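Source file work_37.pdb; content: PDB, C-alpha atoms.
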```pdb
ATOM      1  CA  MET A 431     -86.096  70.316-109.852  1.00  0.00           C
ATOM      2  CA  ARG A 432     -83.874  68.749-112.496  1.00  0.00           C
ATOM      3  CA  ALA A 433     -84.381  65.142-113.498  1.00  0.00           C
ATOM      4  CA  ARG A 434     -81.534  62.813-112.689  1.00  0.00           C
ATOM      5  CA  ARG A 435     -79.743  61.667-115.818  1.00  0.00           C
ATOM      6  CA  ARG A 436     -78.660  58.091-115.960  1.00  0.00           C
ATOM      7  CA  VAL A 437     -75.091  57.600-117.050  1.00  0.00           C
ATOM      8  CA  ASP A 438     -75.057  54.453-119.117  1.00  0.00           C
ATOM      9  CA  ARG A 439     -71.811  52.529-118.850  1.00  0.00           C
ATOM     10  CA  ALA A 440     -70.899  49.459-120.830  1.00  0.00           C
ATOM     11  CA  ARG A 441     -71.851  46.141-119.275  1.00  0.00           C
ATOM     12  CA  ILE A 442     -68.892  44.178-118.010  1.00  0.00           C
ATOM     13  CA  ILE A 443     -69.066  40.485-118.771  1.00  0.00           C
ATOM     14  CA  GLY A 444     -65.419  39.721-118.007  1.00  0.00           C
ATOM     15  CA  THR A 445     -63.206  37.208-119.722  1.00  0.00           C
ATOM     16  CA  LEU A 446     -64.165  33.553-119.846  1.00  0.00           C
ATOM     17  CA  ASP A 447     -61.642  32.820-117.065  1.00  0.00           C
ATOM     18  CA  GLU A 448     -63.097  35.619-114.890  1.00  0.00           C
ATOM     19  CA  ARG A 449     -66.637  34.341-115.411  1.00  0.00           C
ATOM     20  CA  ILE A 450     -65.549  30.804-114.541  1.00  0.00           C
ATOM     21  CA  GLN A 451     -63.836  32.079-111.369  1.00  0.00           C
ATOM     22  CA  LEU A 452     -66.990  33.948-110.381  1.00  0.00           C
ATOM     23  CA  HIS A 453     -69.237  30.938-110.915  1.00  0.00           C
ATOM     24  CA  VAL A 454     -66.849  28.557-109.129  1.00  0.00           C
ATOM     25  CA  ALA A 455     -66.709  30.960-106.180  1.00  0.00           C
ATOM     26  CA  ALA A 456     -70.523  31.272-106.115  1.00  0.00           C
ATOM     27  CA  LYS A 457     -70.922  27.485-106.224  1.00  0.00           C
ATOM     28  CA  LYS A 458     -68.457  27.005-103.361  1.00  0.00           C
ATOM     29  CA  VAL A 459     -70.279  29.611-101.275  1.00  0.00           C
ATOM     30  CA  LEU A 460     -73.644  27.959-102.004  1.00  0.00           C
ATOM     31  CA  ASP A 461     -72.218  24.553-101.059  1.00  0.00           C
ATOM     32  CA  ILE A 462     -71.352  25.720 -97.534  1.00  0.00           C
ATOM     33  CA  MET A 463     -74.490  27.832 -96.911  1.00  0.00           C
ATOM     34  CA  PRO A 464     -76.619  25.019 -95.401  1.00  0.00           C
ATOM     35  CA  GLU A 465     -73.796  24.097 -93.017  1.00  0.00           C
ATOM     36  CA  LEU A 466     -73.229  27.723 -91.951  1.00  0.00           C
ATOM     37  CA  HIS A 467     -76.932  28.507 -91.570  1.00  0.00           C
ATOM     38  CA  PRO A 468     -78.696  25.254 -90.590  1.00  0.00           C
ATOM     39  CA  GLU A 469     -81.758  27.013 -89.182  1.00  0.00           C
ATOM     40  CA  LEU A 470     -82.507  28.808 -92.449  1.00  0.00           C
ATOM     41  CA  ASP A 471     -84.644  27.180 -95.102  1.00  0.00           C
ATOM     42  CA  ILE A 472     -82.109  27.510 -97.930  1.00  0.00           C
ATOM     43  CA  ASP A 473     -83.467  26.497-101.310  1.00  0.00           C
ATOM     44  CA  ILE A 474     -80.167  25.659-103.026  1.00  0.00           C
ATOM     45  CA  GLU A 475     -81.925  24.426-106.152  1.00  0.00           C
ATOM     46  CA  ALA A 476     -83.602  27.813-106.619  1.00  0.00           C
ATOM     47  CA  LEU A 477     -80.507  29.831-105.675  1.00  0.00           C
ATOM     48  CA  GLU A 478     -78.455  27.995-108.300  1.00  0.00           C
ATOM     49  CA  HIS A 479     -80.650  29.639-110.945  1.00  0.00           C
ATOM     50  CA  ILE A 480     -79.965  33.250-109.957  1.00  0.00           C
ATOM     51  CA  ARG A 481     -78.067  35.179-112.620  1.00  0.00           C
ATOM     52  CA  ILE A 482     -74.560  36.033-111.439  1.00  0.00           C
ATOM     53  CA  GLY A 483     -72.369  38.571-113.165  1.00  0.00           C
ATOM     54  CA  PHE A 484     -70.168  41.612-112.786  1.00  0.00           C
ATOM     55  CA  LEU A 485     -71.024  45.179-111.803  1.00  0.00           C
ATOM     56  CA  ARG A 486     -70.598  47.916-114.383  1.00  0.00           C
ATOM     57  CA  GLU A 487     -67.267  49.694-114.063  1.00  0.00           C
ATOM     58  CA  PRO A 488     -66.107  51.831-112.505  1.00  0.00           C
ATOM     59  CA  CYS A 489     -68.106  50.663-109.514  1.00  0.00           C
ATOM     60  CA  GLY A 490     -66.352  52.771-106.869  1.00  0.00           C
ATOM     61  CA  ASP A 491     -66.570  51.251-103.407  1.00  0.00           C
ATOM     62  CA  LEU A 492     -69.534  49.011-104.288  1.00  0.00           C
ATOM     63  CA  TRP A 493     -68.442  45.357-104.050  1.00  0.00           C
ATOM     64  CA  GLY A 494     -71.698  43.586-104.755  1.00  0.00           C
ATOM     65  CA  TYR A 495     -75.400  44.028-105.392  1.00  0.00           C
ATOM     66  CA  CYS A 496     -78.442  41.797-104.988  1.00  0.00           C
ATOM     67  CA  SER A 497     -81.233  42.893-107.294  1.00  0.00           C
ATOM     68  CA  TYR A 498     -84.698  41.682-106.304  1.00  0.00           C
ATOM     69  CA  SER A 499     -87.304  40.567-108.786  1.00  0.00           C
ATOM     70  CA  SER A 500     -90.421  42.607-109.368  1.00  0.00           C
ATOM     71  CA  GLY A 501     -92.282  39.396-110.116  1.00  0.00           C
ATOM     72  CA  GLY A 502     -92.748  40.151-113.799  1.00  0.00           C
ATOM     73  CA  LYS A 503     -92.030  37.746-116.624  1.00  0.00           C
ATOM     74  CA  ARG A 504     -89.673  40.020-118.575  1.00  0.00           C
ATOM     75  CA  TYR A 505     -86.452  38.662-117.038  1.00  0.00           C
ATOM     76  CA  ALA A 506     -87.900  35.629-115.316  1.00  0.00           C
ATOM     77  CA  THR A 507     -85.655  32.697-114.519  1.00  0.00           C
ATOM     78  CA  GLU A 508     -86.569  29.235-113.371  1.00  0.00           C
ATOM     79  CA  TYR A 509     -87.496  29.153-109.663  1.00  0.00           C
ATOM     80  CA  GLN A 510     -87.675  32.953-109.499  1.00  0.00           C
ATOM     81  CA  ASP A 511     -90.922  32.591-107.595  1.00  0.00           C
ATOM     82  CA  ARG A 512     -88.941  30.736-104.895  1.00  0.00           C
ATOM     83  CA  HIS A 513     -85.935  33.044-104.509  1.00  0.00           C
ATOM     84  CA  ARG A 514     -87.427  36.401-105.618  1.00  0.00           C
ATOM     85  CA  THR A 515     -84.021  37.586-106.853  1.00  0.00           C
ATOM     86  CA  HIS A 516     -83.320  38.963-110.309  1.00  0.00           C
ATOM     87  CA  ARG A 517     -79.513  38.807-110.183  1.00  0.00           C
ATOM     88  CA  ILE A 518     -76.375  39.141-108.081  1.00  0.00           C
ATOM     89  CA  LEU A 519     -73.541  41.314-109.346  1.00  0.00           C
ATOM     90  CA  ILE A 520     -69.988  41.341-107.980  1.00  0.00           C
ATOM     91  CA  SER A 521     -67.043  43.656-108.628  1.00  0.00           C
ATOM     92  CA  ARG A 522     -64.732  42.107-111.218  1.00  0.00           C
ATOM     93  CA  VAL A 523     -61.805  44.094-109.805  1.00  0.00           C
ATOM     94  CA  LEU A 524     -62.519  42.776-106.304  1.00  0.00           C
ATOM     95  CA  LEU A 525     -62.558  39.200-107.583  1.00  0.00           C
ATOM     96  CA  GLN A 526     -59.042  39.659-108.983  1.00  0.00           C
ATOM     97  CA  ASP A 527     -57.521  41.887-106.300  1.00  0.00           C
ATOM     98  CA  ASP A 528     -58.998  40.397-103.128  1.00  0.00           C
ATOM     99  CA  PRO A 529     -60.525  36.931-103.655  1.00  0.00           C
ATOM    100  CA  GLY A 530     -61.183  36.508 -99.933  1.00  0.00           C
ATOM    101  CA  GLN A 531     -63.319  39.645 -99.835  1.00  0.00           C
ATOM    102  CA  ALA A 532     -64.991  38.514-103.063  1.00  0.00           C
ATOM    103  CA  PHE A 533     -66.026  35.254-101.348  1.00  0.00           C
ATOM    104  CA  ARG A 534     -67.380  37.216 -98.376  1.00  0.00           C
ATOM    105  CA  THR A 535     -69.244  39.534-100.758  1.00  0.00           C
ATOM    106  CA  ILE A 536     -70.802  36.618-102.652  1.00  0.00           C
ATOM    107  CA  HIS A 537     -71.932  35.151 -99.310  1.00  0.00           C
ATOM    108  CA  HIS A 538     -73.305  38.581 -98.330  1.00  0.00           C
ATOM    109  CA  GLU A 539     -75.345  38.856-101.540  1.00  0.00           C
ATOM    110  CA  PHE A 540     -76.680  35.283-101.260  1.00  0.00           C
ATOM    111  CA  LEU A 541     -77.793  36.138 -97.702  1.00  0.00           C
ATOM    112  CA  HIS A 542     -79.801  39.024 -99.154  1.00  0.00           C
ATOM    113  CA  ALA A 543     -81.405  36.576-101.605  1.00  0.00           C
ATOM    114  CA  ILE A 544     -82.240  34.128 -98.787  1.00  0.00           C
ATOM    115  CA  LEU A 545     -83.447  36.611 -96.155  1.00  0.00           C
ATOM    116  CA  GLY A 546     -85.234  38.966 -98.561  1.00  0.00           C
ATOM    117  CA  SER A 547     -85.286  42.707 -99.037  1.00  0.00           C
ATOM    118  CA  ALA A 548     -87.248  43.426 -95.834  1.00  0.00           C
ATOM    119  CA  GLU A 549     -84.366  42.239 -93.623  1.00  0.00           C
ATOM    120  CA  GLY A 550     -81.821  44.543 -95.253  1.00  0.00           C
ATOM    121  CA  HIS A 551     -78.732  44.740 -93.024  1.00  0.00           C
ATOM    122  CA  GLY A 552     -80.746  44.152 -89.860  1.00  0.00           C
ATOM    123  CA  PRO A 553     -79.737  42.098 -86.807  1.00  0.00           C
ATOM    124  CA  ILE A 554     -80.652  38.704 -88.301  1.00  0.00           C
ATOM    125  CA  PHE A 555     -78.650  39.502 -91.430  1.00  0.00           C
ATOM    126  CA  LYS A 556     -75.621  40.631 -89.391  1.00  0.00           C
ATOM    127  CA  MET A 557     -75.739  37.502 -87.223  1.00  0.00           C
ATOM    128  CA  HIS A 558     -75.669  35.273 -90.296  1.00  0.00           C
ATOM    129  CA  GLU A 559     -73.012  37.334 -92.067  1.00  0.00           C
ATOM    130  CA  GLU A 560     -70.618  36.914 -89.125  1.00  0.00           C
ATOM    131  CA  ARG A 561     -70.766  33.139 -89.488  1.00  0.00           C
ATOM    132  CA  PHE A 562     -68.862  33.254 -92.763  1.00  0.00           C
ATOM    133  CA  ILE A 563     -65.958  35.071 -91.123  1.00  0.00           C
ATOM    134  CA  GLU A 564     -65.962  32.615 -88.207  1.00  0.00           C
ATOM    135  CA  ALA A 565     -65.929  29.675 -90.661  1.00  0.00           C
ATOM    136  CA  ALA A 566     -63.031  30.979 -92.786  1.00  0.00           C
ATOM    137  CA  PRO A 567     -60.492  28.458 -91.374  1.00  0.00           C
ATOM    138  CA  MET A 568     -62.882  25.564 -92.115  1.00  0.00           C
ATOM    139  CA  ILE A 569     -63.378  26.814 -95.667  1.00  0.00           C
ATOM    140  CA  ARG A 570     -59.622  27.176 -96.185  1.00  0.00           C
ATOM    141  CA  ILE A 571     -59.044  23.561 -95.085  1.00  0.00           C
ATOM    142  CA  ARG A 572     -61.388  22.324 -97.792  1.00  0.00           C
ATOM    143  CA  GLY A 573     -59.022  23.874-100.333  1.00  0.00           C
ATOM    144  CA  GLY A 574     -59.230  23.616-104.077  1.00  0.00           C
ATOM    145  CA  LEU A 575     -60.724  27.058-104.594  1.00  0.00           C
ATOM    146  CA  MET A 576     -58.748  27.765-107.769  1.00  0.00           C
ATOM    147  CA  TRP A 577     -57.207  31.095-106.741  1.00  0.00           C
ATOM    148  CA  LYS A 578     -53.724  32.394-107.374  1.00  0.00           C
ATOM    149  CA  SER A 579     -53.244  33.249-103.710  1.00  0.00           C
ATOM    150  CA  PRO A 580     -53.188  30.434-101.122  1.00  0.00           C
ATOM    151  CA  ASP A 581     -54.497  32.808 -98.444  1.00  0.00           C
ATOM    152  CA  PHE A 582     -57.777  33.728-100.129  1.00  0.00           C
ATOM    153  CA  LEU A 583     -59.551  34.366 -96.828  1.00  0.00           C
TER     154      LEU A 583
END
```
Starting from the file, lay out its structure as C-alpha coordinates.
Amino acid sequence: MRARRRVDRARIIGTLDERIQLHVAAKKVLDIMPELHPELDIDIEALEHIRIGFLREPCGDLWGYCSYSSGGKRYATEYQDRHRTHRILISRVLLQDDPGQAFRTIHHEFLHAILGSAEGHGPIFKMHEERFIEAAPMIRIRGGLMWKSPDFL
(Lines of atoms letter the chains of each structure in order from A and count residues from 1; the text may use other names and numbers.)
(Lines give C-alpha, C1' and ligand atoms only; values in the text may rest on other atoms or scores of the structure.)
Protein backbone atom coordinates (compact mmCIF):
# COMPACT_ATOMS: atom_id res chain seq x y z
CA MET A 1 0.00 0.00 0.00
CA ARG A 2 1.44 3.36 -1.03
CA ALA A 3 1.52 6.22 1.44
CA ARG A 4 -0.61 9.19 0.55
CA ARG A 5 1.50 12.18 -0.41
CA ARG A 6 0.38 15.53 0.81
CA VAL A 7 0.32 18.20 -1.85
CA ASP A 8 1.36 21.39 -0.15
CA ARG A 9 -0.26 24.47 -1.63
CA ALA A 10 0.50 28.03 -0.68
CA ARG A 11 -1.59 29.48 2.12
CA ILE A 12 -4.07 32.07 0.95
CA ILE A 13 -4.33 35.08 3.21
CA GLY A 14 -6.20 37.30 0.76
CA THR A 15 -5.88 41.02 0.34
CA LEU A 16 -6.51 43.35 3.25
CA ASP A 17 -9.94 44.20 1.80
CA GLU A 18 -10.81 40.49 1.46
CA ARG A 19 -9.75 39.79 5.04
CA ILE A 20 -11.80 42.74 6.29
CA GLN A 21 -14.84 41.48 4.34
CA LEU A 22 -14.42 38.03 5.85
CA HIS A 23 -14.15 39.34 9.40
CA VAL A 24 -17.08 41.75 8.96
CA ALA A 25 -19.19 38.88 7.61
CA ALA A 26 -18.17 36.61 10.51
CA LYS A 27 -18.99 39.33 13.05
CA LYS A 28 -22.42 39.93 11.50
CA VAL A 29 -23.16 36.20 11.57
CA LEU A 30 -22.05 35.96 15.21
CA ASP A 31 -24.23 38.96 16.11
CA ILE A 32 -27.40 37.20 14.93
CA MET A 33 -26.58 33.71 16.26
CA PRO A 34 -28.19 34.17 19.72
CA GLU A 35 -31.39 35.47 18.11
CA LEU A 36 -31.53 32.60 15.59
CA HIS A 37 -30.70 29.91 18.14
CA PRO A 38 -32.03 31.09 21.53
CA GLU A 39 -32.05 27.61 23.06
CA LEU A 40 -28.34 27.07 22.42
CA ASP A 41 -25.77 28.18 24.95
CA ILE A 42 -23.72 30.32 22.55
CA ASP A 43 -20.51 31.64 24.05
CA ILE A 44 -20.02 34.66 21.77
CA GLU A 45 -17.00 35.84 23.74
CA ALA A 46 -15.21 32.55 23.08
CA LEU A 47 -16.34 32.28 19.45
CA GLU A 48 -14.95 35.75 18.72
CA HIS A 49 -11.48 34.32 19.38
CA ILE A 50 -11.59 31.56 16.77
CA ARG A 51 -9.10 32.08 13.95
CA ILE A 52 -10.88 32.84 10.68
CA GLY A 53 -9.17 32.70 7.32
CA PHE A 54 -9.27 31.40 3.78
CA LEU A 55 -8.99 27.86 2.44
CA ARG A 56 -5.97 26.96 0.35
CA GLU A 57 -6.66 27.24 -3.37
CA PRO A 58 -7.82 25.64 -5.47
CA CYS A 59 -10.38 24.36 -3.00
CA GLY A 60 -12.72 22.68 -5.50
CA ASP A 61 -16.28 22.43 -4.24
CA LEU A 62 -15.29 22.91 -0.58
CA TRP A 63 -16.80 26.19 0.69
CA GLY A 64 -15.77 26.09 4.32
CA TYR A 65 -14.09 24.04 7.02
CA CYS A 66 -14.27 23.98 10.81
CA SER A 67 -11.10 22.54 12.29
CA TYR A 68 -11.44 21.26 15.86
CA SER A 69 -8.76 21.67 18.47
CA SER A 70 -6.85 18.69 19.76
CA GLY A 71 -6.54 20.44 23.11
CA GLY A 72 -2.80 20.99 22.83
CA LYS A 73 -1.03 24.26 23.50
CA ARG A 74 0.78 24.50 20.15
CA TYR A 75 -1.86 26.66 18.43
CA ALA A 76 -3.90 27.56 21.48
CA THR A 77 -6.02 30.69 21.43
CA GLU A 78 -7.79 32.42 24.26
CA TYR A 79 -11.00 30.61 25.27
CA GLN A 80 -10.07 27.55 23.20
CA ASP A 81 -11.08 25.41 26.14
CA ARG A 82 -14.60 26.86 25.78
CA HIS A 83 -15.12 26.53 22.02
CA ARG A 84 -12.79 23.60 21.20
CA THR A 85 -12.22 24.95 17.68
CA HIS A 86 -8.83 25.56 16.11
CA ARG A 87 -9.99 27.64 13.13
CA ILE A 88 -12.67 28.26 10.52
CA LEU A 89 -11.65 28.56 6.88
CA ILE A 90 -13.84 29.91 4.07
CA SER A 91 -13.39 29.93 0.30
CA ARG A 92 -12.02 33.30 -0.81
CA VAL A 93 -13.56 32.80 -4.26
CA LEU A 94 -16.97 32.12 -2.71
CA LEU A 95 -16.75 35.31 -0.66
CA GLN A 96 -16.25 37.33 -3.85
CA ASP A 97 -18.53 35.43 -6.23
CA ASP A 98 -21.48 34.60 -3.98
CA PRO A 99 -21.53 36.64 -0.74
CA GLY A 100 -24.92 35.23 0.25
CA GLN A 101 -23.60 31.67 0.14
CA ALA A 102 -20.48 32.86 1.97
CA PHE A 103 -22.68 34.16 4.82
CA ARG A 104 -24.54 30.84 4.93
CA THR A 105 -21.22 28.98 4.94
CA ILE A 106 -19.85 31.09 7.80
CA HIS A 107 -23.04 30.36 9.77
CA HIS A 108 -22.66 26.66 8.92
CA GLU A 109 -19.07 26.57 10.23
CA PHE A 110 -19.95 28.49 13.42
CA LEU A 111 -22.72 25.92 14.02
CA HIS A 112 -20.07 23.20 13.87
CA ALA A 113 -18.04 25.14 16.46
CA ILE A 114 -21.10 25.52 18.73
CA LEU A 115 -22.54 22.00 18.40
CA GLY A 116 -19.20 20.16 18.32
CA SER A 117 -17.73 17.46 16.15
CA ALA A 118 -19.99 14.68 17.49
CA GLU A 119 -23.11 16.28 15.99
CA GLY A 120 -21.65 16.47 12.49
CA HIS A 121 -24.47 17.11 10.00
CA GLY A 122 -27.03 15.32 12.15
CA PRO A 123 -30.68 16.28 12.72
CA ILE A 124 -29.98 18.94 15.36
CA PHE A 125 -27.39 20.56 13.10
CA LYS A 126 -29.77 20.53 10.10
CA MET A 127 -32.59 22.05 12.16
CA HIS A 128 -30.37 24.93 13.23
CA GLU A 129 -28.87 25.42 9.77
CA GLU A 130 -32.34 25.91 8.25
CA ARG A 131 -32.99 28.84 10.57
CA PHE A 132 -30.43 30.98 8.77
CA ILE A 133 -32.21 30.51 5.45
CA GLU A 134 -35.58 31.30 7.06
CA ALA A 135 -34.12 34.48 8.62
CA ALA A 136 -32.56 35.80 5.39
CA PRO A 137 -35.21 38.54 4.90
CA MET A 138 -34.69 39.76 8.48
CA ILE A 139 -30.93 39.87 7.95
CA ARG A 140 -31.34 41.77 4.67
CA ILE A 141 -33.49 44.42 6.39
CA ARG A 142 -30.71 45.14 8.85
CA GLY A 143 -28.55 46.16 5.88
CA GLY A 144 -25.10 47.64 5.99
CA LEU A 145 -23.30 44.42 5.15
CA MET A 146 -20.68 46.11 2.96
CA TRP A 147 -21.13 44.00 -0.18
CA LYS A 148 -21.11 45.08 -3.79
CA SER A 149 -24.40 43.31 -4.47
CA PRO A 150 -27.57 44.52 -2.72
CA ASP A 151 -29.06 41.02 -2.90
CA PHE A 152 -26.39 39.22 -0.89
CA LEU A 153 -28.81 36.56 0.36
How many Å lie between CA of Arg481 (chain A) and CA of Glu564 (chain A), rounded to one decimal?
27.4 Å
For Gly444 (chain A), which of A:His537, A:Arg522, A:Lys457, A:Arg561 is the closest residue, counting only C-alpha atoms?
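Of A:His537, A:Arg522, A:Lys457, A:Arg561, the one nearest Gly444 (chain A) is A:Arg522, counting only C-alpha atoms.
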So what does the PyMOL selection byres ((chain A and resi 538) around 12) actually pick up in this one, as a PyMOL selection string?
chain A and resi 456+459-460+463+493-496+518-520+531-537+539-546+550-551+555-563
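Picked by the PyMOL selection byres ((chain A and resi 526) around 12) from the coordinates shown: Gly444, Thr445, Asp447, Glu448, Arg449, Gln451, Leu452, Ala455, Phe484, Ile520, Ser521, Arg522, Val523, Leu524, Leu525, Asp527, Asp528, Pro529, Gly530, Gln531, Ala532, Phe533, Met576, Trp577, Lys578, Ser579 and Phe582 of chain A.
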Between CA of Gly490 (chain A) and CA of Ile443 (chain A), what is the spacing in Å?
17.3 Å
Report as AutoDock Vina command-line options the centre and the edge lengths, in Å to one decimal, of the axis-aligned box holding every listed atom of region 466-469 of chain A, padded by 5 Å on each side.
```
--center_x -77.5 --center_y 26.9 --center_z -90.6 --size_x 18.5 --size_y 13.3 --size_z 12.8
```
